[in-house]
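Asks: Handing over entry.csv, CSV, N, CA and C atoms.
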```csv
chain,number,residue,atom,x,y,z
A,6,MET,N,190.0,59.0,71.8
A,6,MET,CA,189.7,60.1,72.7
A,6,MET,C,188.2,60.2,73.0
A,7,LEU,N,187.3,60.0,72.0
A,7,LEU,CA,185.9,60.0,72.2
A,7,LEU,C,185.4,58.8,73.1
A,8,ALA,N,186.1,57.7,72.8
A,8,ALA,CA,185.8,56.5,73.6
A,8,ALA,C,186.1,56.7,75.1
A,9,GLU,N,187.2,57.4,75.3
A,9,GLU,CA,187.6,57.7,76.7
A,9,GLU,C,186.6,58.6,77.4
A,10,LEU,N,186.2,59.6,76.6
A,10,LEU,CA,185.2,60.6,77.2
A,10,LEU,C,183.9,59.9,77.5
A,11,ASN,N,183.5,59.0,76.6
A,11,ASN,CA,182.2,58.2,76.9
A,11,ASN,C,182.4,57.3,78.1
A,12,GLN,N,183.6,56.7,78.2
A,12,GLN,CA,183.8,55.9,79.4
A,12,GLN,C,183.8,56.7,80.7
A,13,ILE,N,184.4,57.9,80.7
A,13,ILE,CA,184.4,58.7,81.8
A,13,ILE,C,183.0,59.2,82.2
A,14,ARG,N,182.2,59.5,81.2
A,14,ARG,CA,180.8,59.9,81.4
A,14,ARG,C,180.0,58.7,82.0
A,15,ASP,N,180.2,57.5,81.5
A,15,ASP,CA,179.5,56.4,82.0
A,15,ASP,C,179.9,56.1,83.5
A,16,LEU,N,181.2,56.3,83.8
A,16,LEU,CA,181.7,56.1,85.1
A,16,LEU,C,181.1,57.1,86.1
A,17,MET,N,181.0,58.4,85.6
A,17,MET,CA,180.4,59.4,86.4
A,17,MET,C,179.0,59.1,86.7
A,18,LYS,N,178.2,58.7,85.7
A,18,LYS,CA,176.8,58.4,85.9
A,18,LYS,C,176.7,57.2,86.9
A,19,SER,N,177.5,56.2,86.8
A,19,SER,CA,177.5,55.1,87.7
A,19,SER,C,177.8,55.6,89.1
A,20,GLN,N,178.8,56.4,89.3
A,20,GLN,CA,179.1,57.0,90.6
A,20,GLN,C,178.0,57.8,91.2
A,21,VAL,N,177.3,58.6,90.4
A,21,VAL,CA,176.2,59.4,90.9
A,21,VAL,C,175.1,58.4,91.3
A,22,ARG,N,174.7,57.4,90.5
A,22,ARG,CA,173.7,56.5,91.0
A,22,ARG,C,174.0,55.8,92.3
A,23,HIS,N,175.3,55.4,92.4
A,23,HIS,CA,175.8,54.8,93.6
A,23,HIS,C,175.6,55.7,94.8
A,24,ASP,N,176.1,57.0,94.6
A,24,ASP,CA,176.0,57.9,95.7
A,24,ASP,C,174.6,58.2,96.1
A,25,LEU,N,173.7,58.4,95.1
A,25,LEU,CA,172.3,58.6,95.4
A,25,LEU,C,171.6,57.4,96.2
A,26,SER,N,172.0,56.2,95.7
A,26,SER,CA,171.5,55.0,96.4
A,26,SER,C,172.0,55.0,97.8
A,27,THR,N,173.2,55.3,98.0
A,27,THR,CA,173.8,55.3,99.4
A,27,THR,C,173.1,56.3,100.3
A,28,ASP,N,172.8,57.5,99.7
A,28,ASP,CA,172.1,58.5,100.5
A,28,ASP,C,170.7,58.1,100.9
A,29,ILE,N,169.9,57.5,100.0
A,29,ILE,CA,168.6,57.2,100.4
A,29,ILE,C,168.6,56.0,101.4
A,30,ILE,N,169.6,55.1,101.2
A,30,ILE,CA,169.7,54.0,102.2
A,30,ILE,C,170.0,54.5,103.6
A,31,ALA,N,170.9,55.5,103.6
A,31,ALA,CA,171.2,56.1,105.0
A,31,ALA,C,170.0,56.8,105.6
A,32,ILE,N,169.2,57.4,104.8
A,32,ILE,CA,167.9,58.1,105.3
A,32,ILE,C,167.0,57.0,105.8
A,33,GLN,N,166.9,55.9,105.1
A,33,GLN,CA,166.0,54.8,105.5
A,33,GLN,C,166.5,54.1,106.7
A,34,LEU,N,167.8,53.9,106.8
A,34,LEU,CA,168.4,53.2,107.9
A,34,LEU,C,168.3,54.0,109.2
A,35,ALA,N,168.3,55.3,109.1
A,35,ALA,CA,168.2,56.1,110.3
A,35,ALA,C,166.8,55.9,110.9
A,36,ALA,N,165.8,55.7,110.1
A,36,ALA,CA,164.5,55.4,110.7
A,36,ALA,C,164.4,54.0,111.2
A,37,ALA,N,164.9,53.1,110.4
A,37,ALA,CA,164.9,51.7,110.7
A,37,ALA,C,165.7,51.4,112.0
A,38,GLY,N,166.7,52.1,112.2
A,38,GLY,CA,167.6,51.9,113.3
A,38,GLY,C,167.2,52.6,114.6
A,39,SER,N,166.1,53.4,114.5
A,39,SER,CA,165.7,54.1,115.7
A,39,SER,C,164.2,53.8,115.9
A,40,GLU,N,163.9,53.0,116.9
A,40,GLU,CA,162.4,52.7,117.1
A,40,GLU,C,161.6,54.0,117.3
A,41,GLY,N,162.2,55.0,118.0
A,41,GLY,CA,161.6,56.2,118.3
A,41,GLY,C,161.3,57.0,117.1
A,42,LEU,N,162.2,57.1,116.2
A,42,LEU,CA,162.0,57.8,114.9
A,42,LEU,C,161.0,57.1,114.0
A,43,ALA,N,161.1,55.8,114.0
A,43,ALA,CA,160.1,55.0,113.2
A,43,ALA,C,158.7,55.3,113.7
A,44,ASP,N,158.6,55.3,115.0
A,44,ASP,CA,157.2,55.5,115.6
A,44,ASP,C,156.7,56.9,115.3
A,45,ILE,N,157.6,57.9,115.3
A,45,ILE,CA,157.3,59.3,115.0
A,45,ILE,C,156.8,59.4,113.5
A,46,ILE,N,157.6,58.8,112.6
A,46,ILE,CA,157.2,58.8,111.2
A,46,ILE,C,155.9,58.1,111.0
A,47,ARG,N,155.6,57.0,111.6
A,47,ARG,CA,154.4,56.3,111.5
A,47,ARG,C,153.2,57.2,112.0
A,48,ARG,N,153.4,57.7,113.2
A,48,ARG,CA,152.3,58.5,113.7
A,48,ARG,C,152.1,59.8,113.0
A,49,ALA,N,153.1,60.5,112.6
A,49,ALA,CA,153.0,61.7,111.8
A,49,ALA,C,152.4,61.5,110.5
A,50,SER,N,152.8,60.4,109.8
A,50,SER,CA,152.3,60.1,108.5
A,50,SER,C,150.8,59.9,108.5
A,51,LYS,N,150.2,59.5,109.7
A,51,LYS,CA,148.8,59.3,109.8
A,51,LYS,C,148.1,60.5,110.4
A,52,GLY,N,148.9,61.6,110.6
A,52,GLY,CA,148.2,62.8,111.1
A,52,GLY,C,148.0,62.8,112.6
A,53,GLU,N,148.6,61.9,113.3
A,53,GLU,CA,148.5,61.8,114.8
A,53,GLU,C,149.3,62.9,115.4
A,54,GLU,N,148.9,63.4,116.6
A,54,GLU,CA,149.6,64.5,117.3
A,54,GLU,C,151.0,64.1,117.7
A,55,LEU,N,151.9,65.0,117.6
A,55,LEU,CA,153.3,64.8,118.0
A,55,LEU,C,153.6,65.9,119.1
A,56,THR,N,154.6,65.5,119.9
A,56,THR,CA,155.1,66.5,120.8
A,56,THR,C,156.0,67.5,120.0
A,57,PRO,N,156.3,68.7,120.6
A,57,PRO,CA,157.1,69.6,119.9
A,57,PRO,C,158.5,69.0,119.5
A,58,THR,N,159.1,68.2,120.3
A,58,THR,CA,160.4,67.6,120.0
A,58,THR,C,160.2,66.6,118.8
A,59,GLU,N,159.1,65.8,118.9
A,59,GLU,CA,158.8,64.8,117.8
A,59,GLU,C,158.5,65.6,116.5
A,60,THR,N,157.9,66.7,116.6
A,60,THR,CA,157.6,67.5,115.4
A,60,THR,C,158.9,67.9,114.7
A,61,ILE,N,159.9,68.4,115.5
A,61,ILE,CA,161.2,68.8,115.0
A,61,ILE,C,161.8,67.6,114.3
A,62,ARG,N,161.8,66.4,115.0
A,62,ARG,CA,162.5,65.2,114.4
A,62,ARG,C,161.8,64.9,113.0
A,63,PHE,N,160.5,64.9,113.0
A,63,PHE,CA,159.7,64.6,111.8
A,63,PHE,C,160.0,65.6,110.7
A,64,ARG,N,160.1,66.8,111.0
A,64,ARG,CA,160.4,67.9,110.0
A,64,ARG,C,161.8,67.7,109.5
A,65,LEU,N,162.7,67.3,110.4
A,65,LEU,CA,164.1,67.1,109.9
A,65,LEU,C,164.1,65.9,108.9
A,66,ARG,N,163.3,64.9,109.2
A,66,ARG,CA,163.2,63.8,108.3
A,66,ARG,C,162.7,64.2,106.9
A,67,LEU,N,161.6,65.0,107.0
A,67,LEU,CA,161.1,65.5,105.7
A,67,LEU,C,162.1,66.4,105.0
A,68,ASN,N,162.8,67.2,105.7
A,68,ASN,CA,163.8,68.0,105.0
A,68,ASN,C,164.9,67.1,104.4
A,69,ALA,N,165.3,66.1,105.1
A,69,ALA,CA,166.3,65.1,104.5
A,69,ALA,C,165.8,64.5,103.2
A,70,LEU,N,164.5,64.1,103.2
A,70,LEU,CA,163.9,63.5,102.0
A,70,LEU,C,163.9,64.6,100.8
A,71,LEU,N,163.5,65.8,101.2
A,71,LEU,CA,163.4,66.8,100.1
A,71,LEU,C,164.8,67.2,99.6
A,72,ARG,N,165.8,67.2,100.4
A,72,ARG,CA,167.1,67.5,100.0
A,72,ARG,C,167.7,66.4,99.1
A,73,TYR,N,167.3,65.2,99.5
A,73,TYR,CA,167.7,64.0,98.6
A,73,TYR,C,167.0,64.2,97.2
A,74,TRP,N,165.8,64.4,97.3
A,74,TRP,CA,165.0,64.6,96.0
A,74,TRP,C,165.6,65.7,95.2
A,75,GLU,N,166.0,66.8,95.8
A,75,GLU,CA,166.6,68.0,95.1
A,75,GLU,C,167.9,67.6,94.4
A,76,GLU,N,168.7,66.8,95.2
A,76,GLU,CA,170.0,66.4,94.6
A,76,GLU,C,169.8,65.4,93.4
A,77,LEU,N,168.8,64.5,93.5
A,77,LEU,CA,168.5,63.6,92.4
A,77,LEU,C,168.0,64.4,91.2
A,78,HIS,N,167.2,65.4,91.5
A,78,HIS,CA,166.7,66.3,90.4
A,78,HIS,C,167.8,67.0,89.7
A,79,SER,N,168.7,67.5,90.5
A,79,SER,CA,169.9,68.2,90.0
A,79,SER,C,170.8,67.3,89.1
A,80,GLN,N,171.0,66.1,89.6
A,80,GLN,CA,171.8,65.2,88.8
A,80,GLN,C,171.2,64.8,87.5
A,81,TYR,N,169.8,64.7,87.6
A,81,TYR,CA,169.1,64.4,86.4
A,81,TYR,C,169.2,65.5,85.3
A,82,ARG,N,169.1,66.7,85.8
A,82,ARG,CA,169.2,67.9,84.9
A,82,ARG,C,170.6,68.0,84.3
A,83,LEU,N,171.6,67.6,85.1
A,83,LEU,CA,173.0,67.6,84.6
A,83,LEU,C,173.3,66.4,83.6
A,84,GLY,N,172.3,65.5,83.5
A,84,GLY,CA,172.5,64.4,82.6
A,84,GLY,C,173.2,63.2,83.2
A,85,HIS,N,173.3,63.2,84.6
A,85,HIS,CA,174.0,62.2,85.3
A,85,HIS,C,173.1,61.1,85.8
A,86,TYR,N,171.8,61.2,85.6
A,86,TYR,CA,170.8,60.3,86.1
A,86,TYR,C,169.8,59.9,85.0
A,87,ASP,N,169.6,58.7,84.8
A,87,ASP,CA,168.8,58.1,83.7
A,87,ASP,C,167.4,58.7,83.7
A,88,GLU,N,166.8,59.0,82.6
A,88,GLU,CA,165.4,59.5,82.5
A,88,GLU,C,164.4,58.5,83.0
A,89,ALA,N,164.5,57.3,82.6
A,89,ALA,CA,163.5,56.3,83.1
A,89,ALA,C,163.5,56.2,84.6
A,90,GLN,N,164.7,56.2,85.2
A,90,GLN,CA,164.8,56.1,86.7
A,90,GLN,C,164.2,57.4,87.3
A,91,PHE,N,164.5,58.6,86.7
A,91,PHE,CA,164.0,59.8,87.2
A,91,PHE,C,162.5,59.9,87.1
A,92,LEU,N,161.9,59.4,86.0
A,92,LEU,CA,160.4,59.4,85.9
A,92,LEU,C,159.8,58.5,87.0
A,93,ASN,N,160.4,57.4,87.3
A,93,ASN,CA,160.0,56.5,88.4
A,93,ASN,C,160.1,57.3,89.7
A,94,GLN,N,161.1,58.0,90.0
A,94,GLN,CA,161.3,58.8,91.2
A,94,GLN,C,160.2,59.8,91.3
A,95,ARG,N,159.9,60.5,90.2
A,95,ARG,CA,158.8,61.5,90.2
A,95,ARG,C,157.5,60.9,90.7
A,96,GLU,N,157.2,59.7,90.2
A,96,GLU,CA,156.0,59.0,90.6
A,96,GLU,C,156.0,58.7,92.1
A,97,ILE,N,157.1,58.4,92.6
A,97,ILE,CA,157.3,58.1,94.1
A,97,ILE,C,157.1,59.4,94.8
A,98,TRP,N,157.7,60.5,94.3
A,98,TRP,CA,157.5,61.8,95.0
A,98,TRP,C,156.0,62.2,95.0
A,99,SER,N,155.4,62.0,93.9
A,99,SER,CA,154.0,62.4,93.8
A,99,SER,C,153.1,61.6,94.8
A,100,SER,N,153.4,60.3,94.9
A,100,SER,CA,152.6,59.6,95.9
A,100,SER,C,152.9,60.0,97.3
A,101,TYR,N,154.2,60.3,97.6
A,101,TYR,CA,154.5,60.7,99.0
A,101,TYR,C,153.8,62.0,99.3
A,102,LEU,N,153.8,63.0,98.3
A,102,LEU,CA,153.2,64.3,98.5
A,102,LEU,C,151.7,64.1,98.8
A,103,ARG,N,151.1,63.1,98.2
A,103,ARG,CA,149.7,62.9,98.4
A,103,ARG,C,149.4,62.1,99.7
A,104,GLU,N,150.3,61.2,100.0
A,104,GLU,CA,150.0,60.2,101.1
A,104,GLU,C,150.6,60.5,102.5
A,105,VAL,N,151.7,61.2,102.5
A,105,VAL,CA,152.4,61.4,103.8
A,105,VAL,C,151.9,62.7,104.4
A,106,HIS,N,151.1,62.5,105.4
A,106,HIS,CA,150.5,63.7,106.1
A,106,HIS,C,151.6,64.7,106.5
A,107,GLY,N,151.4,65.9,106.1
A,107,GLY,CA,152.3,67.0,106.5
A,107,GLY,C,153.4,67.3,105.6
A,108,LEU,N,153.7,66.4,104.6
A,108,LEU,CA,154.7,66.6,103.7
A,108,LEU,C,154.4,67.8,102.7
A,109,ALA,N,153.3,67.8,102.1
A,109,ALA,CA,152.9,68.9,101.2
A,109,ALA,C,152.9,70.3,102.0
A,110,GLU,N,152.4,70.2,103.2
A,110,GLU,CA,152.4,71.5,104.0
A,110,GLU,C,153.8,71.9,104.3
A,111,TYR,N,154.7,71.0,104.7
A,111,TYR,CA,156.1,71.3,105.0
A,111,TYR,C,156.7,71.9,103.7
A,112,TRP,N,156.5,71.3,102.6
A,112,TRP,CA,157.0,71.8,101.3
A,112,TRP,C,156.6,73.3,101.1
A,113,CYS,N,155.3,73.5,101.3
A,113,CYS,CA,154.8,74.9,101.1
A,113,CYS,C,155.4,75.9,102.0
A,114,GLU,N,155.7,75.5,103.2
A,114,GLU,CA,156.4,76.4,104.2
A,114,GLU,C,157.9,76.6,103.9
A,115,THR,N,158.5,75.6,103.3
A,115,THR,CA,160.0,75.7,103.1
A,115,THR,C,160.5,75.7,101.7
A,116,SER,N,159.6,75.7,100.7
A,116,SER,CA,160.0,75.6,99.3
A,116,SER,C,161.0,76.7,98.8
A,117,THR,N,160.9,77.9,99.4
A,117,THR,CA,161.9,78.9,99.0
A,117,THR,C,163.3,78.6,99.3
A,118,ARG,N,163.5,77.6,100.1
A,118,ARG,CA,164.9,77.2,100.5
A,118,ARG,C,165.5,76.3,99.5
A,119,PHE,N,164.8,75.9,98.5
A,119,PHE,CA,165.2,75.0,97.4
A,119,PHE,C,165.4,75.8,96.1
A,120,THR,N,166.1,75.1,95.2
A,120,THR,CA,166.4,75.8,93.9
A,120,THR,C,165.1,76.0,93.1
A,121,ALA,N,165.1,77.0,92.3
A,121,ALA,CA,163.9,77.4,91.5
A,121,ALA,C,163.5,76.2,90.6
A,122,GLU,N,164.5,75.5,90.0
A,122,GLU,CA,164.2,74.4,89.2
A,122,GLU,C,163.4,73.3,89.9
A,123,PHE,N,163.9,73.0,91.1
A,123,PHE,CA,163.3,72.0,91.9
A,123,PHE,C,161.9,72.4,92.4
A,124,GLN,N,161.8,73.7,92.7
A,124,GLN,CA,160.5,74.2,93.1
A,124,GLN,C,159.5,74.0,92.0
A,125,ARG,N,159.9,74.3,90.8
A,125,ARG,CA,159.0,74.1,89.7
A,125,ARG,C,158.6,72.6,89.5
A,126,GLU,N,159.6,71.8,89.6
A,126,GLU,CA,159.3,70.3,89.5
A,126,GLU,C,158.3,69.8,90.5
A,127,ILE,N,158.5,70.2,91.8
A,127,ILE,CA,157.6,69.8,92.8
A,127,ILE,C,156.2,70.4,92.6
A,128,GLY,N,156.2,71.7,92.2
A,128,GLY,CA,155.0,72.3,91.9
A,128,GLY,C,154.1,71.6,90.9
A,129,THR,N,154.7,70.9,90.0
A,129,THR,CA,153.9,70.1,89.0
A,129,THR,C,153.3,68.8,89.6
A,130,LEU,N,153.8,68.5,90.8
A,130,LEU,CA,153.3,67.2,91.5
A,130,LEU,C,152.3,67.5,92.6
A,131,LEU,N,152.2,68.7,93.1
A,131,LEU,CA,151.3,69.0,94.2
A,131,LEU,C,149.9,69.2,93.7
A,132,PRO,N,149.0,68.8,94.6
A,132,PRO,CA,147.6,69.1,94.3
A,132,PRO,C,147.4,70.6,94.2
A,133,ASP,N,146.4,71.0,93.4
A,133,ASP,CA,146.2,72.5,93.1
A,133,ASP,C,146.0,73.3,94.3
A,134,ASP,N,145.4,72.7,95.4
A,134,ASP,CA,145.1,73.5,96.6
A,134,ASP,C,146.1,73.3,97.7
A,135,ALA,N,147.3,72.8,97.4
A,135,ALA,CA,148.3,72.5,98.4
A,135,ALA,C,148.9,73.7,99.1
A,136,CYS,N,149.2,74.7,98.4
A,136,CYS,CA,149.9,75.9,99.0
A,136,CYS,C,149.0,77.1,99.0
```
Produce structure tokens that represent the structure in this file.

Replies:
Amino acid sequence: MLAELNQIRDLMKSQVRHDLSTDIIAIQLAAAGSEGLADIIRRASKGEELTPTETIRFRLRLNALLRYWEELHSQYRLGHYDEAQFLNQREIWSSYLREVHGLAEYWCETSTRFTAEFQREIGTLLPDDAC
């Protein structure tokens, strides 16, 4: 019985990792498959001016990333995501928050739309003067 439970737990973790990998690949392919979106991301990440429509597209992209991060964080808290992998993800999040122009600001504007646990996690990664 215990062996079966361990096997089910391992299968669940494997499925979660697969699903999370599929999600981030879809986010990345959306940008790679759209020259317009890729250009918006490039320009916005450098702080270049965007049209109102481009700003909406960029903010939707940021929201997709943050929702993905929140799901990954949730799965980690539930024990379905490996700690070493999660710590690596946190490093990636931290670098994105520092390097992607507009991301920290977008987070500050929208953070209340996310779970309290995730808000605290991102709060530990933001520069002190971000919000």

Asks: Enter the distance from atom N of Ala69 of chain A to atom N of Thr120 of chain A, in Å, rounded to one decimal.

Replies: 13.4 Å

Asks: Have a look at atom CA of Glu122 of chain A and atom CA of Leu77 of chain A and let me know their distance in Å, one decimal.

Replies: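 If I compute the distance from atom CA of Glu122 of chain A to atom CA of Leu77 of chain A, I get 12.1 Å.
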
Asks: Could you jot down the atom C of Ile45 of chain A to atom CA of Leu92 of chain A separation for me, Å, one decimal place?

Replies: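 Atom CA of Leu92 of chain A lies 27.8 Å from atom C of Ile45 of chain A.
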
Asks: Excluding Leu130 of chain A and residues on its chain fewer than 3 positions from it, collect all residues at most 6 Å away from it, counting all atoms listed in the file, and give them as a list in words.

Replies: Ser99, Glu126 and Ile127 of chain A

Asks: What does the file look like for those residues with N, CA and C atoms, as a PDB file, in the frame of the given file?

Replies:
```
ATOM      1  N   SER A  99     155.400  62.000  93.900  1.00  0.00           N
ATOM      2  CA  SER A  99     154.000  62.400  93.800  1.00  0.00           C
ATOM      3  C   SER A  99     153.100  61.600  94.800  1.00  0.00           C
ATOM      4  N   GLU A 126     159.600  71.800  89.600  1.00  0.00           N
ATOM      5  CA  GLU A 126     159.300  70.300  89.500  1.00  0.00           C
ATOM      6  C   GLU A 126     158.300  69.800  90.500  1.00  0.00           C
ATOM      7  N   ILE A 127     158.500  70.200  91.800  1.00  0.00           N
ATOM      8  CA  ILE A 127     157.600  69.800  92.800  1.00  0.00           C
ATOM      9  C   ILE A 127     156.200  70.400  92.600  1.00  0.00           C
TER      10      ILE A 127
END
```

Asks: Would you mind telling me which residue in A:Gln124, A:Thr56, A:Ser50, A:Ser39 lies nearest to His106 of chain A when using all atoms listed in the file?

Replies: A:Ser50
